[in-house]
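See below for structure-v1.cif, which holds mmCIF, C-alpha atoms, pLDDT in the B column; chains and numbers go by the auth columns.
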data_model
#
loop_
_atom_site.group_PDB
_atom_site.id
_atom_site.type_symbol
_atom_site.label_atom_id
_atom_site.label_comp_id
_atom_site.label_asym_id
_atom_site.label_seq_id
_atom_site.Cartn_x
_atom_site.Cartn_y
_atom_site.Cartn_z
_atom_site.B_iso_or_equiv
_atom_site.auth_seq_id
_atom_site.auth_asym_id
ATOM 1 C CA MET A 1 -9.236 15.625 -45.505 64.00 1 A
ATOM 2 C CA ASP A 2 -7.030 12.590 -44.925 84.00 2 A
ATOM 3 C CA LEU A 3 -4.990 13.489 -48.002 87.00 3 A
ATOM 4 C CA ILE A 4 -4.168 16.899 -46.522 83.00 4 A
ATOM 5 C CA LYS A 5 -3.145 15.343 -43.202 82.00 5 A
ATOM 6 C CA ALA A 6 -0.937 12.820 -45.031 85.00 6 A
ATOM 7 C CA ILE A 7 0.852 15.596 -46.920 83.00 7 A
ATOM 8 C CA GLU A 8 1.290 17.619 -43.723 79.00 8 A
ATOM 9 C CA GLU A 9 2.790 14.616 -41.909 80.00 9 A
ATOM 10 C CA GLN A 10 5.415 14.276 -44.655 80.00 10 A
ATOM 11 C CA GLN A 11 6.492 17.884 -44.140 78.00 11 A
ATOM 12 C CA LYS A 12 7.015 17.590 -40.387 81.00 12 A
ATOM 13 C CA ARG A 13 10.566 17.905 -39.124 78.00 13 A
ATOM 14 C CA PRO A 14 11.913 14.745 -37.526 74.00 14 A
ATOM 15 C CA TYR A 15 13.296 16.710 -34.558 74.00 15 A
ATOM 16 C CA THR A 16 12.304 20.043 -33.055 76.00 16 A
ATOM 17 C CA THR A 17 13.813 21.713 -30.003 76.00 17 A
ATOM 18 C CA GLN A 18 11.631 21.522 -26.887 83.00 18 A
ATOM 19 C CA PHE A 19 11.413 25.176 -25.880 86.00 19 A
ATOM 20 C CA LYS A 20 8.508 26.965 -24.259 88.00 20 A
ATOM 21 C CA VAL A 21 7.040 30.427 -23.815 91.00 21 A
ATOM 22 C CA GLY A 22 9.379 32.718 -21.865 90.00 22 A
ATOM 23 C CA ASP A 23 12.580 31.071 -23.073 90.00 23 A
ATOM 24 C CA THR A 24 15.244 33.157 -24.768 91.00 24 A
ATOM 25 C CA VAL A 25 16.136 31.419 -28.026 92.00 25 A
ATOM 26 C CA LYS A 26 18.395 31.839 -31.044 93.00 26 A
ATOM 27 C CA VAL A 27 16.651 30.945 -34.295 93.00 27 A
ATOM 28 C CA PHE A 28 19.076 30.081 -37.098 92.00 28 A
ATOM 29 C CA PHE A 29 17.066 30.994 -40.207 91.00 29 A
ATOM 30 C CA ARG A 30 18.223 30.280 -43.774 90.00 30 A
ATOM 31 C CA ILE A 31 17.821 33.273 -46.094 91.00 31 A
ATOM 32 C CA ILE A 32 18.084 32.824 -49.851 90.00 32 A
ATOM 33 C CA GLU A 33 19.099 35.925 -51.807 89.00 33 A
ATOM 34 C CA GLY A 34 19.333 35.099 -55.483 88.00 34 A
ATOM 35 C CA LYS A 35 21.815 32.252 -55.804 86.00 35 A
ATOM 36 C CA THR A 36 23.458 32.799 -52.426 89.00 36 A
ATOM 37 C CA GLU A 37 22.313 31.367 -49.123 87.00 37 A
ATOM 38 C CA ARG A 38 23.174 32.617 -45.676 90.00 38 A
ATOM 39 C CA ILE A 39 22.054 31.886 -42.156 89.00 39 A
ATOM 40 C CA GLN A 40 20.684 34.746 -40.094 92.00 40 A
ATOM 41 C CA VAL A 41 20.521 34.416 -36.316 93.00 41 A
ATOM 42 C CA TYR A 42 17.452 35.935 -34.659 93.00 42 A
ATOM 43 C CA GLU A 43 17.716 36.028 -30.861 93.00 43 A
ATOM 44 C CA GLY A 44 14.834 36.981 -28.626 93.00 44 A
ATOM 45 C CA ILE A 45 12.217 35.862 -26.130 93.00 45 A
ATOM 46 C CA VAL A 46 9.401 33.506 -27.136 94.00 46 A
ATOM 47 C CA LEU A 47 6.143 35.414 -26.639 93.00 47 A
ATOM 48 C CA CYS A 48 3.648 32.775 -27.691 92.00 48 A
ATOM 49 C CA MET A 49 3.087 29.481 -29.448 91.00 49 A
ATOM 50 C CA SER A 50 0.060 28.953 -31.679 89.00 50 A
ATOM 51 C CA ASN A 51 -1.751 26.057 -33.342 83.00 51 A
ATOM 52 C CA SER A 52 -0.558 22.453 -33.427 79.00 52 A
ATOM 53 C CA GLY A 53 0.713 19.855 -35.863 78.00 53 A
ATOM 54 C CA THR A 54 2.569 21.079 -38.922 81.00 54 A
ATOM 55 C CA ARG A 55 1.003 24.532 -38.703 85.00 55 A
ATOM 56 C CA LYS A 56 2.500 25.226 -35.281 88.00 56 A
ATOM 57 C CA THR A 57 4.176 28.635 -35.023 91.00 57 A
ATOM 58 C CA PHE A 58 6.038 30.600 -32.386 93.00 58 A
ATOM 59 C CA THR A 59 6.577 34.342 -32.033 94.00 59 A
ATOM 60 C CA VAL A 60 9.976 35.723 -31.035 95.00 60 A
ATOM 61 C CA ARG A 61 10.440 39.327 -29.845 93.00 61 A
ATOM 62 C CA LYS A 62 13.710 41.213 -29.628 91.00 62 A
ATOM 63 C CA GLU A 63 14.793 44.786 -29.100 88.00 63 A
ATOM 64 C CA SER A 64 16.677 46.190 -32.073 89.00 64 A
ATOM 65 C CA TYR A 65 18.133 49.676 -31.604 89.00 65 A
ATOM 66 C CA GLY A 66 15.476 50.526 -29.039 84.00 66 A
ATOM 67 C CA ILE A 67 12.562 49.298 -31.162 87.00 67 A
ATOM 68 C CA GLY A 68 10.731 46.050 -30.446 89.00 68 A
ATOM 69 C CA VAL A 69 10.688 43.650 -33.387 92.00 69 A
ATOM 70 C CA GLU A 70 8.534 40.519 -33.482 93.00 70 A
ATOM 71 C CA ARG A 71 8.777 37.696 -35.957 93.00 71 A
ATOM 72 C CA ILE A 72 6.597 34.624 -36.379 94.00 72 A
ATOM 73 C CA PHE A 73 8.346 31.371 -37.302 92.00 73 A
ATOM 74 C CA PRO A 74 6.696 28.105 -38.358 90.00 74 A
ATOM 75 C CA VAL A 75 8.155 25.293 -36.222 88.00 75 A
ATOM 76 C CA HIS A 76 8.335 22.834 -39.141 87.00 76 A
ATOM 77 C CA SER A 77 9.697 25.293 -41.717 86.00 77 A
ATOM 78 C CA PRO A 78 12.519 23.872 -43.866 84.00 78 A
ATOM 79 C CA ARG A 79 14.226 27.281 -43.656 88.00 79 A
ATOM 80 C CA ILE A 80 14.819 26.996 -39.919 88.00 80 A
ATOM 81 C CA VAL A 81 18.206 25.350 -39.506 87.00 81 A
ATOM 82 C CA LYS A 82 17.982 25.025 -35.729 86.00 82 A
ATOM 83 C CA VAL A 83 16.583 26.652 -32.613 88.00 83 A
ATOM 84 C CA GLU A 84 19.041 27.027 -29.748 88.00 84 A
ATOM 85 C CA ILE A 85 17.916 27.748 -26.178 87.00 85 A
ATOM 86 C CA VAL A 86 19.953 30.504 -24.523 88.00 86 A
ATOM 87 C CA ARG A 87 18.043 30.822 -21.226 88.00 87 A
ATOM 88 C CA ALA A 88 15.030 29.064 -19.785 86.00 88 A
ATOM 89 C CA GLY A 89 12.399 31.506 -18.557 87.00 89 A
ATOM 90 C CA LYS A 90 10.025 31.046 -15.655 87.00 90 A
ATOM 91 C CA VAL A 91 6.593 32.429 -16.554 87.00 91 A
ATOM 92 C CA ARG A 92 3.019 31.779 -15.444 89.00 92 A
ATOM 93 C CA ARG A 93 1.259 32.774 -18.649 86.00 93 A
ATOM 94 C CA ALA A 94 0.781 31.155 -22.049 89.00 94 A
ATOM 95 C CA LYS A 95 1.029 34.442 -23.946 91.00 95 A
ATOM 96 C CA LEU A 96 3.480 37.175 -22.934 89.00 96 A
ATOM 97 C CA TYR A 97 1.914 40.040 -24.874 88.00 97 A
ATOM 98 C CA TYR A 98 2.155 42.261 -21.786 86.00 98 A
ATOM 99 C CA LEU A 99 5.927 42.505 -22.386 86.00 99 A
ATOM 100 C CA ARG A 100 5.219 44.778 -25.361 85.00 100 A
ATOM 101 C CA ASP A 101 4.213 47.607 -23.021 85.00 101 A
ATOM 102 C CA LYS A 102 6.957 47.135 -20.424 83.00 102 A
ATOM 103 C CA VAL A 103 10.139 49.213 -20.354 83.00 103 A
ATOM 104 C CA GLY A 104 13.540 48.541 -18.782 82.00 104 A
ATOM 105 C CA LYS A 105 13.822 46.107 -15.875 82.00 105 A
ATOM 106 C CA ALA A 106 10.086 45.446 -15.875 84.00 106 A
ATOM 107 C CA LYS A 107 10.526 43.698 -19.226 80.00 107 A
ATOM 108 C CA LYS A 108 12.754 40.999 -17.682 80.00 108 A
ATOM 109 C CA VAL A 109 11.556 37.415 -17.327 83.00 109 A
ATOM 110 C CA LYS A 110 12.771 35.343 -14.384 82.00 110 A
ATOM 111 C CA GLU A 111 15.353 32.753 -15.297 79.00 111 A
ATOM 112 C CA MET A 112 15.019 29.121 -14.279 78.00 112 A
ATOM 113 C CA LEU A 113 18.181 28.005 -12.512 78.00 113 A
ATOM 114 C CA GLY A 114 19.533 24.654 -11.474 78.00 114 A
ATOM 115 C CA GLY A 115 21.537 21.687 -12.664 79.00 115 A
ATOM 116 C CA LYS A 116 18.580 19.922 -14.259 79.00 116 A
ATOM 117 C CA VAL A 117 17.615 22.973 -16.288 80.00 117 A
ATOM 118 C CA SER A 118 21.141 23.630 -17.567 81.00 118 A
ATOM 119 C CA ALA A 119 21.587 19.930 -18.400 84.00 119 A
ATOM 120 C CA PHE A 120 18.271 19.951 -20.284 83.00 120 A
ATOM 121 C CA ILE A 121 19.270 23.067 -22.243 82.00 121 A
ATOM 122 C CA ALA A 122 22.661 21.574 -23.118 84.00 122 A
ATOM 123 C CA GLU A 123 21.024 18.324 -24.276 85.00 123 A
ATOM 124 C CA GLN A 124 18.444 20.172 -26.400 83.00 124 A
ATOM 125 C CA ASN A 125 21.167 22.286 -28.024 84.00 125 A
ATOM 126 C CA ARG A 126 23.267 19.187 -28.789 85.00 126 A
ATOM 127 C CA ASN A 127 20.258 17.468 -30.351 85.00 127 A
ATOM 128 C CA ALA A 128 19.427 20.578 -32.386 84.00 128 A
ATOM 129 C CA GLU A 129 23.012 20.737 -33.651 85.00 129 A
ATOM 130 C CA ALA A 130 22.938 17.066 -34.664 86.00 130 A
ATOM 131 C CA ALA A 131 19.601 17.490 -36.438 84.00 131 A
ATOM 132 C CA ALA A 132 20.924 20.578 -38.255 83.00 132 A
ATOM 133 C CA ARG A 133 24.013 18.632 -39.391 86.00 133 A
ATOM 134 C CA ALA A 134 21.844 15.765 -40.645 85.00 134 A
ATOM 135 C CA GLN A 135 19.568 18.177 -42.511 82.00 135 A
ATOM 136 C CA GLU A 136 22.582 19.896 -44.081 82.00 136 A
ATOM 137 C CA GLU A 137 24.014 16.550 -45.224 85.00 137 A
ATOM 138 C CA ALA A 138 20.666 15.620 -46.781 82.00 138 A
ATOM 139 C CA LEU A 139 20.568 18.940 -48.652 79.00 139 A
ATOM 140 C CA LYS A 140 24.132 18.455 -49.926 81.00 140 A
ATOM 141 C CA ALA A 141 23.316 14.936 -51.111 84.00 141 A
ATOM 142 C CA GLU A 142 20.169 16.203 -52.859 80.00 142 A
ATOM 143 C CA LYS A 143 22.081 18.990 -54.604 79.00 143 A
ATOM 144 C CA ALA A 144 24.806 16.556 -55.666 81.00 144 A
ATOM 145 C CA SER A 145 22.252 14.170 -57.146 81.00 145 A
ATOM 146 C CA GLU A 146 20.580 17.072 -59.008 77.00 146 A
ATOM 147 C CA HIS A 147 23.969 18.199 -60.294 73.00 147 A
ATOM 148 C CA ASN A 148 24.840 14.680 -61.483 76.00 148 A
ATOM 149 C CA ALA A 149 21.450 14.289 -63.171 74.00 149 A
ATOM 150 C CA SER A 150 21.780 17.619 -65.003 71.00 150 A
ATOM 151 C CA ALA A 151 25.345 16.783 -66.107 68.00 151 A
ATOM 152 C CA LYS A 152 24.219 13.613 -67.878 64.00 152 A
#
Rewrite the structure of this file - the entire thing - as C-alpha cells.
Amino acid sequence: MDLIKAIEEQQKRPYTTQFKVGDTVKVFFRIIEGKTERIQVYEGIVLCMSNSGTRKTFTVRKESYGIGVERIFPVHSPRIVKVEIVRAGKVRRAKLYYLRDKVGKAKKVKEMLGGKVSAFIAEQNRNAEAAARAQEEALKAEKASEHNASAK
C-alpha cells in the first residue's frame, strides 16, 4: 500500500489552481493527434469535485450549440496545461447537479464580487501561467535530451 502512495505522490502536480465548485473556469487541455499536439480550451462551470489526493477530479459543464456537455478532468493530469478562473461563483452546495435541469436565467450562478476576489483570481491565473511555462520548459528539455540521446 505504501508503494502505491509513493508512486502517486510522484505524479502529483507541484501547483494546481485553487478553484471551487460554482466557478467558471477555462481548462487548457493538451490533445495529441498522431505526431501533432494542440491545446484545446474547455470553458464551463465547475459542477463538482470528487475524491482527494492524486485521484482528485472535477467536472466541468458547458452549453455547446444548445446541448449541455460535461467533461471530467483529473486535477493532476499531465495533459492539463493550466486551469484559469474566469469568474468566481457564489454557491451553497457541494454538487451543482441541479443545474442540468435548469433552463435560461435559472441556470445562472451568482458571481462573487469585490476587490479581494478579483485580486485572488488574478493571482491564481498568474501562478497558473507560471506553472504552465515551467512545465512547458521541462517538456522541451526532456524532448531535447531524448533527441540528443537518439542522435548519438
inquiry  = Quick check, in Å to one decimal: how far apart do atom CA of A:Asn127 and atom CA of A:Gly53 lie?
reply    =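 That distance, rounded to one decimal, is 20.4 Å.
Pairwise distance (atom CA of A:Glu33, atom CA of A:Ser150) equals 22.7 Å.
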ask   = Quick one: distance from atom CA of A:Phe58 to atom CA of A:Ile72 in Å, one decimal?
value =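 Straight-line distance from atom CA of A:Phe58 to atom CA of A:Ile72 works out to 5.7 Å.
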key: Reference answer for the PyMOL selection byres ((chain A and resi 65-71) around 12), as an NGL selection string   = :A and (27 or 29 or 42-49 or 57-64 or 72-74 or 97 or 99-104 or 107)
inquiry  = Evaluate the PyMOL selection byres ((chain A and resi 135-141) around 12) against this structure - the residues, as a PyMOL selection string, please.
reply    = chain A and resi 13-15+30+78-82+128-134+142-148
ask   = Within 7 Å of (13.4, 25.1, -17.7), in the coordinates the file gives, what residues turn up when you count all atoms listed in the file, written out as a list in words?
value = Ala88, Gly89, Met112 and Val117 of chain A
